[in-house]
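Structure data (compact mmCIF, N, CA and C atoms) from protein.txt:
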# COMPACT_ATOMS: atom_id res chain seq x y z
N MET Z 32 -5.26 23.15 20.05
CA MET Z 32 -4.63 22.01 20.67
C MET Z 32 -4.56 20.87 19.65
N LYS Z 33 -3.42 20.26 19.55
CA LYS Z 33 -3.25 19.15 18.62
C LYS Z 33 -3.88 17.89 19.19
N ILE Z 34 -4.67 17.22 18.35
CA ILE Z 34 -5.33 15.98 18.75
C ILE Z 34 -4.38 14.82 18.46
N ILE Z 35 -4.04 14.06 19.48
CA ILE Z 35 -3.08 12.97 19.29
C ILE Z 35 -3.68 11.60 19.55
N HIS Z 36 -4.96 11.53 19.86
CA HIS Z 36 -5.59 10.23 20.05
C HIS Z 36 -6.39 9.88 18.80
N PRO Z 37 -6.53 8.59 18.51
CA PRO Z 37 -7.22 8.20 17.27
C PRO Z 37 -8.72 8.46 17.34
N ARG Z 38 -9.22 9.05 16.30
CA ARG Z 38 -10.65 9.24 16.12
C ARG Z 38 -10.89 9.32 14.62
N PRO Z 39 -12.11 9.15 14.20
CA PRO Z 39 -12.35 9.19 12.76
C PRO Z 39 -11.96 10.55 12.18
N ASN Z 40 -11.42 10.51 10.97
CA ASN Z 40 -11.08 11.79 10.34
C ASN Z 40 -12.36 12.45 9.84
N PRO Z 41 -12.28 13.69 9.37
CA PRO Z 41 -13.48 14.40 8.93
C PRO Z 41 -14.25 13.70 7.81
N ILE Z 42 -13.56 12.98 6.94
CA ILE Z 42 -14.24 12.26 5.85
C ILE Z 42 -15.14 11.18 6.44
N VAL Z 43 -14.59 10.40 7.35
CA VAL Z 43 -15.37 9.32 7.97
C VAL Z 43 -16.49 9.89 8.82
N ALA Z 44 -16.24 10.98 9.52
CA ALA Z 44 -17.30 11.62 10.31
C ALA Z 44 -18.43 12.09 9.40
N ALA Z 45 -18.09 12.62 8.25
CA ALA Z 45 -19.11 13.03 7.28
C ALA Z 45 -19.91 11.81 6.82
N MET Z 46 -19.22 10.71 6.55
CA MET Z 46 -19.90 9.50 6.08
C MET Z 46 -20.90 8.98 7.13
N TYR Z 47 -20.50 8.94 8.39
CA TYR Z 47 -21.41 8.47 9.44
C TYR Z 47 -22.58 9.43 9.64
N THR Z 48 -22.34 10.70 9.48
CA THR Z 48 -23.43 11.68 9.57
C THR Z 48 -24.41 11.47 8.43
N LEU Z 49 -23.90 11.22 7.23
CA LEU Z 49 -24.76 10.97 6.08
C LEU Z 49 -25.60 9.71 6.27
N ARG Z 50 -25.02 8.70 6.89
CA ARG Z 50 -25.79 7.50 7.22
C ARG Z 50 -26.98 7.87 8.10
N ASP Z 51 -26.73 8.70 9.10
CA ASP Z 51 -27.79 9.11 10.01
C ASP Z 51 -28.84 9.99 9.33
N MET Z 52 -28.48 10.56 8.20
CA MET Z 52 -29.40 11.39 7.42
C MET Z 52 -30.15 10.57 6.37
N ASP Z 53 -29.99 9.24 6.41
CA ASP Z 53 -30.66 8.32 5.50
C ASP Z 53 -30.28 8.49 4.03
N VAL Z 54 -29.02 8.85 3.78
CA VAL Z 54 -28.51 8.90 2.41
C VAL Z 54 -28.40 7.47 1.90
N ASP Z 55 -28.81 7.23 0.67
CA ASP Z 55 -28.80 5.87 0.10
C ASP Z 55 -27.43 5.45 -0.38
N VAL Z 56 -26.71 6.38 -1.04
CA VAL Z 56 -25.40 6.10 -1.62
C VAL Z 56 -24.43 7.20 -1.21
N ILE Z 57 -23.27 6.80 -0.74
CA ILE Z 57 -22.17 7.73 -0.50
C ILE Z 57 -21.12 7.43 -1.55
N LEU Z 58 -20.81 8.45 -2.35
CA LEU Z 58 -19.79 8.31 -3.38
C LEU Z 58 -18.56 9.08 -2.92
N LEU Z 59 -17.50 8.36 -2.60
CA LEU Z 59 -16.24 9.00 -2.22
C LEU Z 59 -15.51 9.39 -3.49
N HIS Z 60 -15.28 10.68 -3.67
CA HIS Z 60 -14.60 11.15 -4.86
C HIS Z 60 -13.10 11.19 -4.56
N GLY Z 61 -12.44 10.07 -4.86
CA GLY Z 61 -11.03 9.93 -4.58
C GLY Z 61 -10.51 8.57 -5.01
N PRO Z 62 -9.32 8.21 -4.56
CA PRO Z 62 -8.74 6.91 -4.90
C PRO Z 62 -9.58 5.76 -4.34
N SER Z 63 -9.43 4.60 -4.91
CA SER Z 63 -10.28 3.47 -4.57
C SER Z 63 -10.19 3.03 -3.11
N GLY Z 64 -9.08 3.21 -2.45
CA GLY Z 64 -8.94 2.73 -1.07
C GLY Z 64 -9.41 3.70 -0.02
N CYS Z 65 -9.75 4.89 -0.40
CA CYS Z 65 -10.12 5.91 0.58
C CYS Z 65 -11.41 5.52 1.31
N GLY Z 66 -11.38 5.58 2.62
CA GLY Z 66 -12.56 5.27 3.42
C GLY Z 66 -12.89 3.80 3.50
N PHE Z 67 -11.95 2.93 3.15
CA PHE Z 67 -12.21 1.49 3.09
C PHE Z 67 -12.73 0.93 4.41
N MET Z 68 -12.07 1.25 5.50
CA MET Z 68 -12.44 0.67 6.79
C MET Z 68 -13.85 1.10 7.22
N ALA Z 69 -14.19 2.33 6.99
CA ALA Z 69 -15.52 2.82 7.39
C ALA Z 69 -16.62 2.28 6.48
N SER Z 70 -16.28 1.98 5.25
CA SER Z 70 -17.29 1.57 4.28
C SER Z 70 -18.00 0.28 4.67
N GLY Z 71 -17.27 -0.66 5.23
CA GLY Z 71 -17.87 -1.95 5.60
C GLY Z 71 -18.99 -1.81 6.60
N SER Z 72 -18.76 -1.07 7.66
CA SER Z 72 -19.81 -0.92 8.67
C SER Z 72 -20.99 -0.09 8.15
N LEU Z 73 -20.71 0.86 7.27
CA LEU Z 73 -21.80 1.64 6.68
C LEU Z 73 -22.66 0.76 5.77
N GLU Z 74 -22.03 -0.12 5.02
CA GLU Z 74 -22.79 -1.02 4.15
C GLU Z 74 -23.63 -1.99 4.97
N GLN Z 75 -23.11 -2.42 6.12
CA GLN Z 75 -23.91 -3.27 7.01
C GLN Z 75 -25.14 -2.54 7.52
N ALA Z 76 -25.05 -1.22 7.59
CA ALA Z 76 -26.18 -0.39 8.03
C ALA Z 76 -27.11 -0.06 6.87
N GLY Z 77 -26.83 -0.56 5.67
CA GLY Z 77 -27.72 -0.36 4.53
C GLY Z 77 -27.35 0.77 3.59
N VAL Z 78 -26.20 1.41 3.81
CA VAL Z 78 -25.77 2.49 2.93
C VAL Z 78 -24.80 1.92 1.90
N ARG Z 79 -25.02 2.21 0.64
CA ARG Z 79 -24.07 1.81 -0.41
C ARG Z 79 -22.92 2.81 -0.40
N VAL Z 80 -21.69 2.31 -0.38
CA VAL Z 80 -20.52 3.18 -0.43
C VAL Z 80 -19.72 2.80 -1.66
N ILE Z 81 -19.52 3.77 -2.55
CA ILE Z 81 -18.77 3.53 -3.77
C ILE Z 81 -17.71 4.62 -3.91
N THR Z 82 -16.86 4.47 -4.89
CA THR Z 82 -15.79 5.43 -5.11
C THR Z 82 -15.66 5.77 -6.58
N SER Z 83 -15.19 6.97 -6.85
CA SER Z 83 -14.90 7.34 -8.23
C SER Z 83 -13.57 6.75 -8.69
N ALA Z 84 -12.81 6.19 -7.76
CA ALA Z 84 -11.55 5.49 -8.06
C ALA Z 84 -10.60 6.33 -8.91
N LEU Z 85 -10.31 7.52 -8.42
CA LEU Z 85 -9.40 8.39 -9.16
C LEU Z 85 -8.03 7.74 -9.33
N SER Z 86 -7.49 7.86 -10.51
CA SER Z 86 -6.16 7.32 -10.81
C SER Z 86 -5.13 8.44 -10.72
N GLU Z 87 -3.87 8.10 -10.89
CA GLU Z 87 -2.82 9.12 -10.90
C GLU Z 87 -3.06 10.13 -12.02
N THR Z 88 -3.51 9.65 -13.16
CA THR Z 88 -3.80 10.54 -14.28
C THR Z 88 -4.92 11.53 -13.93
N ASP Z 89 -5.96 11.03 -13.24
CA ASP Z 89 -7.06 11.90 -12.83
C ASP Z 89 -6.58 12.98 -11.86
N LEU Z 90 -5.62 12.63 -11.02
CA LEU Z 90 -5.09 13.60 -10.06
C LEU Z 90 -4.30 14.70 -10.75
N ILE Z 91 -3.81 14.43 -11.93
CA ILE Z 91 -3.06 15.43 -12.69
C ILE Z 91 -3.99 16.24 -13.59
N PHE Z 92 -4.87 15.54 -14.31
CA PHE Z 92 -5.71 16.20 -15.32
C PHE Z 92 -7.14 16.46 -14.86
N GLY Z 93 -7.49 16.02 -13.67
CA GLY Z 93 -8.83 16.24 -13.14
C GLY Z 93 -9.70 15.00 -13.24
N GLY Z 94 -10.55 14.84 -12.26
CA GLY Z 94 -11.39 13.65 -12.19
C GLY Z 94 -12.86 13.91 -12.44
N SER Z 95 -13.17 14.99 -13.10
CA SER Z 95 -14.56 15.35 -13.35
C SER Z 95 -15.29 14.27 -14.15
N GLU Z 96 -14.69 13.81 -15.22
CA GLU Z 96 -15.35 12.79 -16.05
C GLU Z 96 -15.55 11.50 -15.27
N GLN Z 97 -14.58 11.15 -14.45
CA GLN Z 97 -14.68 9.95 -13.63
C GLN Z 97 -15.86 10.08 -12.66
N LEU Z 98 -16.04 11.26 -12.08
CA LEU Z 98 -17.15 11.48 -11.16
C LEU Z 98 -18.49 11.42 -11.90
N VAL Z 99 -18.59 12.05 -13.04
CA VAL Z 99 -19.83 12.01 -13.83
C VAL Z 99 -20.18 10.57 -14.18
N ASP Z 100 -19.22 9.82 -14.68
CA ASP Z 100 -19.45 8.42 -15.05
C ASP Z 100 -19.88 7.57 -13.85
N THR Z 101 -19.26 7.80 -12.70
CA THR Z 101 -19.57 7.02 -11.51
C THR Z 101 -20.97 7.37 -10.99
N LEU Z 102 -21.35 8.64 -11.05
CA LEU Z 102 -22.70 9.02 -10.65
C LEU Z 102 -23.74 8.34 -11.53
N ARG Z 103 -23.51 8.34 -12.82
CA ARG Z 103 -24.45 7.70 -13.74
C ARG Z 103 -24.54 6.20 -13.49
N ALA Z 104 -23.40 5.57 -13.24
CA ALA Z 104 -23.39 4.13 -12.95
C ALA Z 104 -24.12 3.83 -11.64
N ALA Z 105 -23.91 4.67 -10.62
CA ALA Z 105 -24.60 4.48 -9.34
C ALA Z 105 -26.11 4.59 -9.50
N TYR Z 106 -26.54 5.54 -10.31
CA TYR Z 106 -27.97 5.70 -10.54
C TYR Z 106 -28.54 4.46 -11.23
N GLU Z 107 -27.85 3.99 -12.25
CA GLU Z 107 -28.32 2.81 -12.99
C GLU Z 107 -28.35 1.55 -12.11
N MET Z 108 -27.36 1.41 -11.23
CA MET Z 108 -27.28 0.22 -10.39
C MET Z 108 -28.27 0.22 -9.23
N PHE Z 109 -28.44 1.38 -8.58
CA PHE Z 109 -29.18 1.41 -7.32
C PHE Z 109 -30.47 2.23 -7.35
N HIS Z 110 -30.66 3.11 -8.31
CA HIS Z 110 -31.82 4.01 -8.37
C HIS Z 110 -32.09 4.66 -7.01
N PRO Z 111 -31.07 5.29 -6.43
CA PRO Z 111 -31.22 5.87 -5.10
C PRO Z 111 -32.00 7.17 -5.11
N HIS Z 112 -32.59 7.48 -3.97
CA HIS Z 112 -33.25 8.77 -3.82
C HIS Z 112 -32.21 9.85 -3.53
N TYR Z 113 -31.27 9.54 -2.60
CA TYR Z 113 -30.22 10.50 -2.23
C TYR Z 113 -28.83 9.93 -2.47
N ILE Z 114 -27.97 10.74 -3.08
CA ILE Z 114 -26.55 10.41 -3.23
C ILE Z 114 -25.75 11.59 -2.68
N ALA Z 115 -24.82 11.30 -1.79
CA ALA Z 115 -23.90 12.33 -1.31
C ALA Z 115 -22.53 12.06 -1.92
N VAL Z 116 -21.95 13.06 -2.55
CA VAL Z 116 -20.61 12.97 -3.11
C VAL Z 116 -19.67 13.59 -2.08
N VAL Z 117 -18.84 12.76 -1.48
CA VAL Z 117 -17.97 13.20 -0.40
C VAL Z 117 -16.56 13.42 -0.94
N GLY Z 118 -16.06 14.61 -0.73
CA GLY Z 118 -14.70 14.92 -1.13
C GLY Z 118 -13.69 14.18 -0.26
N THR Z 119 -12.55 13.90 -0.84
CA THR Z 119 -11.46 13.26 -0.11
C THR Z 119 -10.25 14.18 -0.20
N CYS Z 120 -9.19 13.78 0.45
CA CYS Z 120 -7.98 14.60 0.40
C CYS Z 120 -7.56 14.85 -1.05
N ALA Z 121 -7.57 13.79 -1.84
CA ALA Z 121 -7.12 13.90 -3.23
C ALA Z 121 -7.97 14.86 -4.05
N SER Z 122 -9.27 14.71 -4.01
CA SER Z 122 -10.13 15.56 -4.85
C SER Z 122 -10.15 17.01 -4.37
N MET Z 123 -10.00 17.21 -3.09
CA MET Z 123 -10.00 18.58 -2.57
C MET Z 123 -8.67 19.28 -2.85
N ILE Z 124 -7.57 18.55 -2.79
CA ILE Z 124 -6.26 19.15 -3.08
C ILE Z 124 -6.19 19.63 -4.53
N ILE Z 125 -6.76 18.86 -5.45
CA ILE Z 125 -6.70 19.26 -6.86
C ILE Z 125 -7.82 20.23 -7.24
N GLY Z 126 -8.69 20.55 -6.27
CA GLY Z 126 -9.71 21.57 -6.50
C GLY Z 126 -10.88 21.13 -7.37
N GLU Z 127 -11.31 19.90 -7.23
CA GLU Z 127 -12.43 19.41 -8.03
C GLU Z 127 -13.70 20.22 -7.76
N ASP Z 128 -14.41 20.55 -8.81
CA ASP Z 128 -15.70 21.23 -8.71
C ASP Z 128 -16.79 20.15 -8.76
N MET Z 129 -17.06 19.56 -7.60
CA MET Z 129 -17.99 18.45 -7.54
C MET Z 129 -19.41 18.87 -7.92
N ALA Z 130 -19.81 20.07 -7.54
CA ALA Z 130 -21.17 20.55 -7.85
C ALA Z 130 -21.40 20.61 -9.36
N SER Z 131 -20.40 21.06 -10.10
CA SER Z 131 -20.51 21.14 -11.55
C SER Z 131 -20.63 19.74 -12.16
N SER Z 132 -19.85 18.80 -11.67
CA SER Z 132 -19.91 17.43 -12.17
C SER Z 132 -21.26 16.80 -11.87
N ILE Z 133 -21.80 17.09 -10.69
CA ILE Z 133 -23.11 16.56 -10.32
C ILE Z 133 -24.17 17.06 -11.31
N LYS Z 134 -24.14 18.32 -11.65
CA LYS Z 134 -25.10 18.87 -12.62
C LYS Z 134 -24.93 18.22 -13.98
N ARG Z 135 -23.68 18.04 -14.41
CA ARG Z 135 -23.43 17.43 -15.72
C ARG Z 135 -23.88 15.98 -15.79
N ALA Z 136 -23.89 15.28 -14.66
CA ALA Z 136 -24.31 13.88 -14.65
C ALA Z 136 -25.78 13.75 -15.05
N GLY Z 137 -26.59 14.74 -14.68
CA GLY Z 137 -27.98 14.77 -15.11
C GLY Z 137 -28.83 13.60 -14.67
N ILE Z 138 -28.60 13.11 -13.47
CA ILE Z 138 -29.40 11.97 -13.00
C ILE Z 138 -30.58 12.47 -12.17
N GLU Z 139 -31.57 11.60 -11.97
CA GLU Z 139 -32.80 12.00 -11.31
C GLU Z 139 -32.72 11.96 -9.79
N SER Z 140 -31.70 11.38 -9.22
CA SER Z 140 -31.54 11.36 -7.76
C SER Z 140 -31.24 12.75 -7.25
N ILE Z 141 -31.51 12.96 -5.97
CA ILE Z 141 -31.07 14.18 -5.30
C ILE Z 141 -29.62 13.95 -4.90
N VAL Z 142 -28.73 14.74 -5.51
CA VAL Z 142 -27.29 14.55 -5.31
C VAL Z 142 -26.70 15.85 -4.78
N PHE Z 143 -25.86 15.74 -3.77
CA PHE Z 143 -25.24 16.94 -3.22
C PHE Z 143 -23.80 16.66 -2.82
N PRO Z 144 -22.93 17.67 -2.96
CA PRO Z 144 -21.53 17.51 -2.59
C PRO Z 144 -21.29 17.83 -1.12
N VAL Z 145 -20.35 17.10 -0.53
CA VAL Z 145 -19.88 17.37 0.83
C VAL Z 145 -18.39 17.67 0.71
N GLU Z 146 -18.04 18.93 0.89
CA GLU Z 146 -16.67 19.40 0.70
C GLU Z 146 -15.82 19.09 1.93
N SER Z 147 -15.39 17.84 2.04
CA SER Z 147 -14.59 17.44 3.19
C SER Z 147 -13.24 16.91 2.73
N HIS Z 148 -12.32 16.86 3.65
CA HIS Z 148 -11.02 16.22 3.41
C HIS Z 148 -10.40 15.89 4.75
N GLY Z 149 -9.42 15.02 4.74
CA GLY Z 149 -8.83 14.51 5.97
C GLY Z 149 -7.99 15.50 6.74
N CYS Z 150 -7.64 16.61 6.15
CA CYS Z 150 -6.76 17.58 6.82
C CYS Z 150 -7.55 18.74 7.43
N MET Z 151 -8.83 18.57 7.60
CA MET Z 151 -9.66 19.63 8.18
C MET Z 151 -9.49 19.72 9.69
N MET Z 152 -8.65 18.89 10.24
CA MET Z 152 -8.36 18.79 11.67
C MET Z 152 -9.45 17.99 12.37
N ASP Z 153 -10.23 18.61 13.20
CA ASP Z 153 -11.18 17.90 14.05
C ASP Z 153 -12.22 17.16 13.23
N ASN Z 154 -12.55 15.95 13.66
CA ASN Z 154 -13.51 15.14 12.92
C ASN Z 154 -14.89 15.79 12.86
N THR Z 155 -15.23 16.62 13.82
CA THR Z 155 -16.55 17.26 13.79
C THR Z 155 -16.69 18.18 12.59
N ALA Z 156 -15.58 18.66 12.02
CA ALA Z 156 -15.65 19.51 10.83
C ALA Z 156 -16.31 18.76 9.68
N GLY Z 157 -16.02 17.48 9.53
CA GLY Z 157 -16.63 16.68 8.48
C GLY Z 157 -18.12 16.49 8.71
N ALA Z 158 -18.50 16.25 9.96
CA ALA Z 158 -19.92 16.09 10.28
C ALA Z 158 -20.68 17.39 9.99
N ILE Z 159 -20.07 18.51 10.33
CA ILE Z 159 -20.71 19.80 10.08
C ILE Z 159 -20.86 20.04 8.58
N LYS Z 160 -19.83 19.71 7.79
CA LYS Z 160 -19.91 19.88 6.33
C LYS Z 160 -21.05 19.05 5.75
N ALA Z 161 -21.24 17.82 6.28
CA ALA Z 161 -22.33 16.96 5.80
C ALA Z 161 -23.68 17.58 6.12
N LEU Z 162 -23.82 18.11 7.31
CA LEU Z 162 -25.09 18.74 7.71
C LEU Z 162 -25.35 20.00 6.90
N GLU Z 163 -24.32 20.78 6.66
CA GLU Z 163 -24.50 21.99 5.87
C GLU Z 163 -24.90 21.68 4.43
N ALA Z 164 -24.35 20.60 3.88
CA ALA Z 164 -24.66 20.23 2.49
C ALA Z 164 -26.12 19.86 2.35

What does the file become when written as structure tokens?
Amino acid sequence: MKIIHPRPNPIVAAMYTLRDMDVDVILLHGPSGCGFMASGSLEQAGVRVITSALSETDLIFGGSEQLVDTLRAAYEMFHPHYIAVVGTCASMIIGEDMASSIKRAGIESIVFPVESHGCMMDNTAGAIKALEA
């Protein structure tokens, strides 16, 4: 059945689930505006929300380096215990290997990827992906 009423997309559902799991930093791996509306309320709840700010060039040639650099910057700025890297439509369409980038970043935080995107249909799919991660 097609859902025609507004509800959070799977990315936002994953973000709210991660908040409930006491994740310190949510890194959205995608363009800078992705998840903007949800980020404000999450930050009010004490979760830092940042983005890898993928550019058009990154969408063509890959955003792995951007993700590695952003993870390292997040660690230096916040020294978080947990960081969740949340996939977005852009990073999932281009097939980013977030787990590999997380390993290459080599930071001391516990970092894990959440393979979500906005086209997963039901918002609960994003929440489930966050829990599985």

With 4 Å on each side, where is the centre of the axis-aligned box around all listed atoms of stretch 69-74 of chain Z, and how long are its edges in Å to one decimal, as lines of an AutoDock Vina configuration file?
center_x = -18.9
center_y = 0.4
center_z = 6.4
size_x = 17.4
size_y = 12.8
size_z = 12.5

Which residues, written as a PyMOL selection string, have at least one atom at most 6.5 Å from stretch 157-160 of chain Z, with all atoms listed in the file counted and residues fewer than 5 positions away on the same chain left out? chain Z and resi 40-42+44-46+48+145-148

8 Å contact set for stretch 132-139 of chain Z, only C-alpha atoms, chain neighbours under 4 positions out, as number ranges by chain: Z: 95-96, 98-100, 102-103, 106, 128, 143-144

Please determine, counting only C-alpha atoms, which residue among Z:Val80, Z:Met68, Z:Leu90, Z:Ile125 has the shortest atom-to-atom distance to Z:Val54.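 Nearest candidate to Z:Val54 out of Z:Val80, Z:Met68, Z:Leu90, Z:Ile125: Z:Val80.
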
Pairwise distance for atom CA of Z:Met129 and atom N of Z:Ser72, rounded to one decimal in Å: 24.8 Å

DSSP-assigned helix (DSSP H, G or I) among chain Z, expressed as a VMD selection string: chain Z and resid 41 to 51 67 to 75 87 to 92 95 to 109 120 to 124 129 to 136 155 to 163

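Atom pair atom C of Z:Asn154 / atom N of Z:Pro39 has a distance of 7.3 Å (rounded to one decimal).
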